[in-house]
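Asks: Sharing structure_12.csv (CSV, C-alpha atoms) below.
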```
chain,number,residue,atom,x,y,z
A,1,MET,CA,-6.6,-0.5,17.0
A,2,SER,CA,-8.2,0.1,13.6
A,3,ALA,CA,-8.1,-2.4,10.8
A,4,SER,CA,-6.4,0.1,8.5
A,5,ALA,CA,-3.5,0.5,11.0
A,6,ALA,CA,-3.1,-3.3,11.2
A,7,ARG,CA,-3.0,-3.6,7.4
A,8,ARG,CA,-0.4,-0.8,7.2
A,9,ALA,CA,1.8,-2.8,9.7
A,10,GLN,CA,1.6,-5.9,7.6
A,11,GLY,CA,2.6,-4.3,4.4
A,12,ARG,CA,2.2,-1.4,2.0
A,13,SER,CA,-1.4,-1.1,0.9
A,14,HIS,CA,-2.1,-1.4,-2.9
A,15,GLY,CA,-5.8,-1.0,-2.5
A,16,ALA,CA,-6.0,2.0,-4.9
A,17,GLU,CA,-4.1,0.1,-7.6
A,18,ARG,CA,-6.3,-3.0,-7.2
A,19,THR,CA,-9.5,-0.8,-7.3
A,20,LEU,CA,-8.4,0.9,-10.5
A,21,THR,CA,-7.4,-2.4,-12.1
A,22,SER,CA,-10.7,-3.9,-11.1
A,23,LEU,CA,-12.7,-1.0,-12.6
A,24,VAL,CA,-10.8,-1.1,-15.9
A,25,GLY,CA,-11.4,-4.9,-16.0
A,26,VAL,CA,-15.1,-4.5,-15.3
A,27,LEU,CA,-15.5,-1.8,-18.0
A,28,GLY,CA,-13.6,-3.9,-20.5
A,29,LEU,CA,-15.8,-6.9,-19.6
A,30,LEU,CA,-19.0,-4.8,-20.0
A,31,ALA,CA,-17.8,-3.4,-23.3
A,32,GLY,CA,-17.0,-6.9,-24.6
A,33,ALA,CA,-20.4,-8.2,-23.4
A,34,GLY,CA,-22.2,-5.3,-25.1
A,35,ALA,CA,-20.4,-5.9,-28.4
A,36,LEU,CA,-21.2,-9.6,-28.3
A,37,VAL,CA,-24.9,-8.9,-27.6
A,38,VAL,CA,-25.1,-6.4,-30.5
A,39,GLY,CA,-23.1,-8.6,-32.8
A,40,MET,CA,-25.2,-11.7,-32.2
A,41,GLY,CA,-28.3,-9.7,-33.2
A,42,TRP,CA,-30.0,-10.0,-29.8
A,43,LEU,CA,-31.0,-6.3,-30.0
A,44,GLY,CA,-32.2,-6.7,-33.5
A,45,GLN,CA,-30.6,-7.6,-36.8
A,46,PHE,CA,-30.4,-4.0,-38.0
A,47,ARG,CA,-28.2,-3.1,-35.0
A,48,GLY,CA,-26.0,-6.1,-35.6
A,49,HIS,CA,-25.3,-5.1,-39.2
A,50,ARG,CA,-24.5,-1.5,-38.5
A,51,PRO,CA,-20.9,-0.4,-38.6
A,52,VAL,CA,-18.9,0.0,-35.4
A,53,LEU,CA,-18.6,3.7,-35.9
A,54,ASP,CA,-22.1,5.2,-36.1
A,55,PRO,CA,-22.5,7.1,-39.5
A,56,ILE,CA,-24.3,9.9,-37.7
A,57,ALA,CA,-21.5,10.3,-35.2
A,58,VAL,CA,-18.9,10.1,-38.0
A,59,GLY,CA,-20.8,12.8,-40.0
A,60,TRP,CA,-21.0,15.1,-36.9
A,61,LEU,CA,-17.2,14.7,-36.4
A,62,GLY,CA,-16.7,15.5,-40.1
A,63,ASP,CA,-18.7,18.7,-39.8
A,64,HIS,CA,-16.9,19.8,-36.6
A,65,VAL,CA,-13.3,18.8,-37.2
A,66,LEU,CA,-11.8,21.6,-35.1
A,67,TYR,CA,-13.9,20.8,-32.0
A,68,ALA,CA,-13.2,17.1,-32.5
A,69,ARG,CA,-9.5,17.6,-32.6
A,70,ILE,CA,-9.5,20.0,-29.6
A,71,GLY,CA,-11.5,17.4,-27.6
A,72,ALA,CA,-9.2,14.6,-28.6
A,73,LEU,CA,-6.2,16.7,-27.7
A,74,VAL,CA,-7.6,17.7,-24.3
A,75,LEU,CA,-8.6,14.1,-23.6
A,76,GLY,CA,-5.2,12.8,-24.5
A,77,VAL,CA,-3.4,15.3,-22.3
A,78,LEU,CA,-5.7,14.5,-19.4
A,79,LEU,CA,-5.0,10.8,-19.8
A,80,LEU,CA,-1.3,11.4,-20.1
A,81,VAL,CA,-1.3,13.5,-16.9
A,82,PHE,CA,-3.4,10.9,-15.0
A,83,GLY,CA,-1.1,8.1,-16.2
A,84,LEU,CA,2.1,9.9,-15.1
A,85,TRP,CA,0.5,10.8,-11.7
A,86,TRP,CA,-0.5,7.2,-11.1
A,87,PHE,CA,2.9,5.9,-12.2
A,88,PHE,CA,4.8,8.2,-9.8
A,89,ARG,CA,2.3,7.6,-7.1
A,90,SER,CA,2.9,3.8,-7.3
A,91,LEU,CA,6.7,4.3,-7.2
A,92,ARG,CA,6.8,6.8,-4.3
A,93,PRO,CA,8.4,5.5,-1.1
A,94,GLU,CA,6.2,4.4,1.8
A,95,ARG,CA,5.6,7.2,4.3
A,96,ARG,CA,7.5,7.1,7.5
A,97,PRO,CA,5.7,9.6,9.8
A,98,ASP,CA,7.3,11.5,12.6
A,99,LEU,CA,5.3,11.3,15.9
A,100,LYS,CA,4.5,14.6,17.7
A,101,LEU,CA,4.3,13.7,21.3
A,102,ASP,CA,3.8,17.3,22.5
A,103,GLU,CA,2.6,20.1,20.3
A,104,THR,CA,2.7,22.8,23.1
A,105,ILE,CA,4.1,26.0,21.7
A,106,GLY,CA,7.6,26.4,23.0
A,107,SER,CA,8.0,22.8,24.2
A,108,GLU,CA,7.3,20.8,21.1
A,109,LEU,CA,8.5,17.2,21.2
A,110,THR,CA,8.7,15.1,18.1
A,111,VAL,CA,10.1,11.6,17.7
A,112,THR,CA,11.4,11.0,14.1
A,113,ALA,CA,10.5,7.8,12.4
A,114,GLY,CA,14.2,6.9,12.2
A,115,ALA,CA,14.7,7.4,15.9
A,116,LEU,CA,11.7,5.3,16.8
A,117,ALA,CA,12.8,2.5,14.5
A,118,GLY,CA,16.4,2.7,15.8
A,119,ALA,CA,15.3,2.5,19.4
A,120,VAL,CA,13.0,-0.5,18.8
A,121,GLN,CA,15.7,-2.2,16.7
A,122,THR,CA,18.2,-1.9,19.6
A,123,ASP,CA,15.7,-3.4,22.0
A,124,VAL,CA,14.8,-6.2,19.6
A,125,GLU,CA,18.5,-7.1,19.1
A,126,SER,CA,18.9,-7.4,22.8
A,127,VAL,CA,16.5,-10.2,23.0
A,128,ASP,CA,18.2,-13.6,23.6
A,129,GLY,CA,18.3,-15.6,20.4
A,130,VAL,CA,17.9,-12.7,18.0
A,131,THR,CA,21.1,-12.2,15.9
A,132,ARG,CA,19.9,-9.1,14.0
A,133,ALA,CA,16.8,-7.2,13.3
A,134,ARG,CA,15.3,-4.6,10.9
A,135,VAL,CA,12.6,-2.2,12.1
A,136,ARG,CA,10.5,0.1,10.0
A,137,SER,CA,8.1,2.8,11.4
A,138,VAL,CA,5.0,3.0,9.2
A,139,GLY,CA,1.4,4.1,9.5
A,140,THR,CA,0.3,7.6,10.1
A,141,VAL,CA,0.9,10.3,12.7
A,142,ALA,CA,-2.5,9.4,14.3
A,143,GLU,CA,-2.0,5.7,14.0
A,144,PRO,CA,1.6,4.7,14.2
A,145,ALA,CA,2.6,1.1,13.4
A,146,LEU,CA,5.8,-1.0,13.3
A,147,ARG,CA,7.1,-3.6,10.9
A,148,ILE,CA,9.8,-5.8,12.4
A,149,THR,CA,12.0,-8.4,10.7
A,150,LEU,CA,14.3,-10.4,12.9
A,151,TRP,CA,16.8,-13.2,12.3
A,152,LEU,CA,17.0,-16.0,14.9
A,153,ALA,CA,20.1,-18.0,16.0
A,154,GLU,CA,20.3,-21.7,15.8
A,155,GLY,CA,18.2,-23.5,18.5
A,156,THR,CA,16.2,-20.4,19.4
A,157,GLU,CA,12.7,-21.0,20.8
A,158,VAL,CA,10.2,-18.9,18.9
A,159,ARG,CA,7.7,-18.9,21.7
A,160,ARG,CA,10.2,-17.4,24.1
A,161,VAL,CA,11.3,-14.7,21.6
A,162,TRP,CA,7.7,-13.8,20.9
A,163,GLU,CA,7.0,-13.5,24.6
A,164,ASP,CA,10.0,-11.2,25.1
A,165,LEU,CA,8.9,-9.1,22.1
A,166,ASP,CA,5.5,-8.6,23.5
A,167,SER,CA,6.3,-8.2,27.2
A,168,TYR,CA,9.5,-6.1,26.9
A,169,VAL,CA,10.1,-4.5,23.5
A,170,LEU,CA,6.6,-3.6,22.4
A,171,THR,CA,5.4,-2.7,25.9
A,172,ARG,CA,8.3,-0.4,26.3
A,173,ALA,CA,7.6,1.2,22.9
A,174,ARG,CA,3.9,1.8,23.7
A,175,GLU,CA,4.8,3.3,27.1
A,176,SER,CA,7.4,5.6,25.5
A,177,LEU,CA,5.0,6.8,22.9
A,178,GLY,CA,2.1,7.1,25.3
A,179,VAL,CA,-0.2,4.9,23.2
A,180,GLU,CA,-2.4,2.0,24.2
A,181,THR,CA,-2.0,0.1,21.0
A,182,LEU,CA,0.9,-0.1,18.5
A,183,PRO,CA,0.1,-2.4,15.6
A,184,THR,CA,3.1,-4.5,14.8
A,185,ALA,CA,3.8,-7.1,12.1
A,186,VAL,CA,6.7,-9.4,12.9
A,187,ARG,CA,8.5,-11.5,10.3
A,188,LEU,CA,10.9,-14.3,11.4
A,189,GLU,CA,13.9,-15.4,9.4
A,190,LEU,CA,16.5,-18.0,10.0
A,191,ASP,CA,20.0,-16.8,10.3
A,192,THR,CA,21.9,-18.0,7.2
A,193,ALA,CA,25.3,-18.2,8.9
A,194,GLY,CA,24.9,-21.9,9.2
A,195,SER,CA,22.4,-24.7,9.4
A,196,ALA,CA,19.6,-23.3,11.5
A,197,ARG,CA,17.2,-25.1,13.7
A,198,VAL,CA,14.4,-23.1,15.3
A,199,ARG,CA,12.0,-24.7,17.7
```
Could you write out this file's structure as C-alpha coordinates?
Replies:
Amino acid sequence: MSASAARRAQGRSHGAERTLTSLVGVLGLLAGAGALVVGMGWLGQFRGHRPVLDPIAVGWLGDHVLYARIGALVLGVLLLVFGLWWFFRSLRPERRPDLKLDETIGSELTVTAGALAGAVQTDVESVDGVTRARVRSVGTVAEPALRITLWLAEGTEVRRVWEDLDSYVLTRARESLGVETLPTAVRLELDTAGSARVR
(Lines of atoms letter the chains of each structure in order from A and count residues from 1; the text may use other names and numbers.)
(Lines give C-alpha, C1' and ligand atoms only; values in the text may rest on other atoms or scores of the structure.)
Protein backbone atom coordinates (compact mmCIF):
# COMPACT_ATOMS: atom_id res chain seq x y z
CA MET A 1 0.00 0.00 0.00
CA SER A 2 1.49 3.31 -1.02
CA ALA A 3 1.42 6.38 1.19
CA SER A 4 -0.48 8.34 -1.47
CA ALA A 5 -3.30 5.77 -1.51
CA ALA A 6 -3.56 5.94 2.27
CA ARG A 7 -3.76 9.74 2.16
CA ARG A 8 -6.50 9.61 -0.49
CA ALA A 9 -8.50 7.30 1.76
CA GLN A 10 -8.25 9.73 4.68
CA GLY A 11 -9.43 12.73 2.72
CA ARG A 12 -9.12 14.75 -0.42
CA SER A 13 -5.60 15.95 -0.99
CA HIS A 14 -4.98 19.70 -1.07
CA GLY A 15 -1.25 19.38 -1.61
CA ALA A 16 -1.25 21.44 -4.81
CA GLU A 17 -3.15 24.30 -3.15
CA ARG A 18 -0.80 24.25 -0.17
CA THR A 19 2.24 24.21 -2.44
CA LEU A 20 1.03 27.20 -4.48
CA THR A 21 0.12 29.13 -1.33
CA SER A 22 3.53 28.37 0.18
CA LEU A 23 5.32 29.52 -2.98
CA VAL A 24 3.35 32.78 -3.09
CA GLY A 25 4.10 33.33 0.60
CA VAL A 26 7.82 32.67 0.15
CA LEU A 27 8.01 35.01 -2.86
CA GLY A 28 6.19 37.72 -0.92
CA LEU A 29 8.51 37.24 2.04
CA LEU A 30 11.60 37.45 -0.17
CA ALA A 31 10.28 40.56 -1.91
CA GLY A 32 9.58 42.23 1.43
CA ALA A 33 12.99 41.27 2.79
CA GLY A 34 14.68 42.63 -0.35
CA ALA A 35 12.80 45.91 -0.11
CA LEU A 36 13.76 46.21 3.56
CA VAL A 37 17.44 45.56 2.83
CA VAL A 38 17.52 48.15 0.04
CA GLY A 39 15.49 50.71 2.02
CA MET A 40 17.74 50.42 5.07
CA GLY A 41 20.73 51.24 2.88
CA TRP A 42 22.53 47.96 3.53
CA LEU A 43 23.36 47.76 -0.18
CA GLY A 44 24.53 51.37 -0.30
CA GLN A 45 22.89 54.73 0.36
CA PHE A 46 22.52 55.44 -3.36
CA ARG A 47 20.33 52.38 -3.90
CA GLY A 48 18.28 53.22 -0.84
CA HIS A 49 17.40 56.67 -2.19
CA ARG A 50 16.58 55.57 -5.73
CA PRO A 51 12.86 55.53 -6.68
CA VAL A 52 10.98 52.24 -6.62
CA LEU A 53 10.54 52.33 -10.39
CA ASP A 54 13.96 52.45 -11.98
CA PRO A 55 14.22 55.55 -14.26
CA ILE A 56 15.99 53.51 -16.92
CA ALA A 57 13.17 50.96 -16.97
CA VAL A 58 10.56 53.72 -17.00
CA GLY A 59 12.35 55.40 -19.88
CA TRP A 60 12.51 52.15 -21.86
CA LEU A 61 8.77 51.58 -21.32
CA GLY A 62 8.07 55.13 -22.48
CA ASP A 63 10.03 54.50 -25.67
CA HIS A 64 8.28 51.18 -26.34
CA VAL A 65 4.70 51.86 -25.27
CA LEU A 66 3.15 49.46 -27.79
CA TYR A 67 5.32 46.51 -26.74
CA ALA A 68 4.77 47.32 -23.08
CA ARG A 69 0.99 47.34 -23.52
CA ILE A 70 1.02 44.10 -25.49
CA GLY A 71 3.20 42.45 -22.84
CA ALA A 72 0.96 43.68 -20.03
CA LEU A 73 -2.15 42.48 -21.88
CA VAL A 74 -0.68 39.02 -22.55
CA LEU A 75 0.48 38.71 -18.94
CA GLY A 76 -2.95 39.76 -17.66
CA VAL A 77 -4.74 37.23 -19.87
CA LEU A 78 -2.37 34.45 -18.79
CA LEU A 79 -2.90 35.28 -15.13
CA LEU A 80 -6.67 35.37 -15.65
CA VAL A 81 -6.68 31.98 -17.38
CA PHE A 82 -4.44 30.48 -14.71
CA GLY A 83 -6.63 31.88 -11.95
CA LEU A 84 -9.83 30.54 -13.50
CA TRP A 85 -8.22 27.14 -14.10
CA TRP A 86 -7.04 26.96 -10.51
CA PHE A 87 -10.44 28.10 -9.22
CA PHE A 88 -12.41 25.43 -11.09
CA ARG A 89 -9.75 22.82 -10.29
CA SER A 90 -10.24 23.47 -6.59
CA LEU A 91 -14.03 23.18 -6.88
CA ARG A 92 -14.22 20.06 -9.03
CA PRO A 93 -15.66 16.97 -7.35
CA GLU A 94 -13.35 14.29 -6.08
CA ARG A 95 -12.79 11.50 -8.58
CA ARG A 96 -14.63 8.23 -8.11
CA PRO A 97 -12.81 5.79 -10.36
CA ASP A 98 -14.44 2.71 -11.85
CA LEU A 99 -12.40 -0.45 -11.43
CA LYS A 100 -11.62 -2.57 -14.48
CA LEU A 101 -11.30 -6.13 -13.21
CA ASP A 102 -10.95 -7.67 -16.66
CA GLU A 103 -9.87 -5.80 -19.78
CA THR A 104 -9.94 -8.80 -22.12
CA ILE A 105 -11.56 -7.80 -25.40
CA GLY A 106 -15.05 -9.26 -25.57
CA SER A 107 -15.27 -10.08 -21.87
CA GLU A 108 -14.59 -6.75 -20.20
CA LEU A 109 -15.63 -6.49 -16.55
CA THR A 110 -15.88 -3.11 -14.86
CA VAL A 111 -17.12 -2.37 -11.36
CA THR A 112 -18.45 1.17 -11.07
CA ALA A 113 -17.53 3.28 -8.08
CA GLY A 114 -21.20 3.49 -7.09
CA ALA A 115 -21.64 -0.29 -7.22
CA LEU A 116 -18.55 -0.85 -5.08
CA ALA A 117 -19.61 1.75 -2.52
CA GLY A 118 -23.14 0.34 -2.43
CA ALA A 119 -21.97 -3.23 -1.89
CA VAL A 120 -19.57 -2.26 0.89
CA GLN A 121 -22.23 -0.06 2.50
CA THR A 122 -24.67 -2.99 2.58
CA ASP A 123 -22.05 -5.17 4.27
CA VAL A 124 -21.17 -2.44 6.78
CA GLU A 125 -24.81 -1.87 7.73
CA SER A 126 -25.17 -5.61 8.39
CA VAL A 127 -22.59 -5.42 11.18
CA ASP A 128 -24.22 -5.65 14.59
CA GLY A 129 -24.33 -2.25 16.27
CA VAL A 130 -24.11 -0.18 13.08
CA THR A 131 -27.33 1.75 12.50
CA ARG A 132 -26.33 3.31 9.18
CA ALA A 133 -23.25 3.88 7.06
CA ARG A 134 -21.94 5.96 4.20
CA VAL A 135 -19.24 4.60 1.90
CA ARG A 136 -17.30 6.44 -0.77
CA SER A 137 -14.99 4.90 -3.34
CA VAL A 138 -11.92 7.09 -3.86
CA GLY A 139 -8.35 6.77 -5.05
CA THR A 140 -7.36 5.78 -8.57
CA VAL A 141 -7.97 2.85 -10.89
CA ALA A 142 -4.54 1.48 -10.01
CA GLU A 143 -4.89 2.16 -6.27
CA PRO A 144 -8.52 2.05 -5.13
CA ALA A 145 -9.41 3.15 -1.62
CA LEU A 146 -12.49 3.45 0.56
CA ARG A 147 -13.78 6.10 2.94
CA ILE A 148 -16.35 4.80 5.41
CA THR A 149 -18.46 6.75 7.88
CA LEU A 150 -20.63 4.67 10.18
CA TRP A 151 -23.06 5.49 12.96
CA LEU A 152 -23.15 3.26 16.05
CA ALA A 153 -26.12 2.35 18.22
CA GLU A 154 -26.16 2.92 21.95
CA GLY A 155 -24.00 0.50 23.90
CA THR A 156 -22.05 -0.74 20.88
CA GLU A 157 -18.53 -2.02 21.49
CA VAL A 158 -16.18 -0.22 19.11
CA ARG A 159 -13.57 -2.98 19.31
CA ARG A 160 -16.06 -5.63 18.13
CA VAL A 161 -17.32 -3.41 15.30
CA TRP A 162 -13.74 -2.79 14.17
CA GLU A 163 -12.96 -6.51 14.20
CA ASP A 164 -16.07 -7.26 12.13
CA LEU A 165 -15.15 -4.54 9.64
CA ASP A 166 -11.65 -5.89 9.21
CA SER A 167 -12.41 -9.62 9.20
CA TYR A 168 -15.65 -9.57 7.24
CA VAL A 169 -16.42 -6.37 5.31
CA LEU A 170 -12.97 -5.32 4.15
CA THR A 171 -11.73 -8.87 3.62
CA ARG A 172 -14.73 -9.58 1.41
CA ALA A 173 -14.16 -6.36 -0.53
CA ARG A 174 -10.49 -7.18 -1.13
CA GLU A 175 -11.32 -10.71 -2.27
CA SER A 176 -14.06 -9.48 -4.60
CA LEU A 177 -11.75 -6.94 -6.22
CA GLY A 178 -8.80 -9.31 -6.32
CA VAL A 179 -6.47 -6.91 -4.50
CA GLU A 180 -4.19 -7.59 -1.55
CA THR A 181 -4.56 -4.16 0.02
CA LEU A 182 -7.50 -1.77 0.08
CA PRO A 183 -6.67 1.43 2.02
CA THR A 184 -9.68 2.40 4.10
CA ALA A 185 -10.35 5.35 6.36
CA VAL A 186 -13.09 4.71 8.93
CA ARG A 187 -14.90 7.47 10.79
CA LEU A 188 -17.13 6.62 13.74
CA GLU A 189 -20.16 8.70 14.68
CA LEU A 190 -22.66 8.38 17.52
CA ASP A 191 -26.26 7.89 16.47
CA THR A 192 -28.15 11.05 17.42
CA ALA A 193 -31.48 9.25 17.85
CA GLY A 194 -30.94 9.37 21.60
CA SER A 195 -28.32 9.59 24.29
CA ALA A 196 -25.55 7.37 23.00
CA ARG A 197 -23.02 5.40 25.00
CA VAL A 198 -20.26 3.70 23.04
CA ARG A 199 -17.78 1.47 24.80
Asks: What is the distance, in Å and to one decimal place, between atom CA of Ala119 of chain A and atom CA of Gly155 of chain A?
Replies: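 Separation of atom CA of Ala119 of chain A and atom CA of Gly155 of chain A: 26.2 Å.
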Asks: Quick one: residues within 12 Å of Asp98 of chain A, only C-alpha atoms counted, chain neighbours fewer than 5 positions away excluded, as JSON, numbers by chain?
Replies: {"A": [109, 110, 111, 112, 113, 114, 115, 116, 117, 137, 138, 139, 140, 141, 142, 143, 144, 145, 177]}
Asks: Hey, can you check how far atom CA of Thr181 of chain A sits from atom CA of Thr104 of chain A?
Replies: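 Pair atom CA of Thr181 of chain A / atom CA of Thr104 of chain A returns 23.3 Å.
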Asks: Please measure the separation of atom CA of Arg159 of chain A and atom CA of Arg174 of chain A, giving the value in Å to one decimal.
Replies: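 Computing the Euclidean distance for atom CA of Arg159 of chain A and atom CA of Arg174 of chain A yields 21.1 Å.
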Asks: Tell me, as number ranges by chain, which residues lie within 12 Å of Val124 of chain A, counting only C-alpha atoms; anything in the same chain fewer than 3 positions away does not count.
Replies: A: 117-121, 127-135, 147-152, 161-173, 186
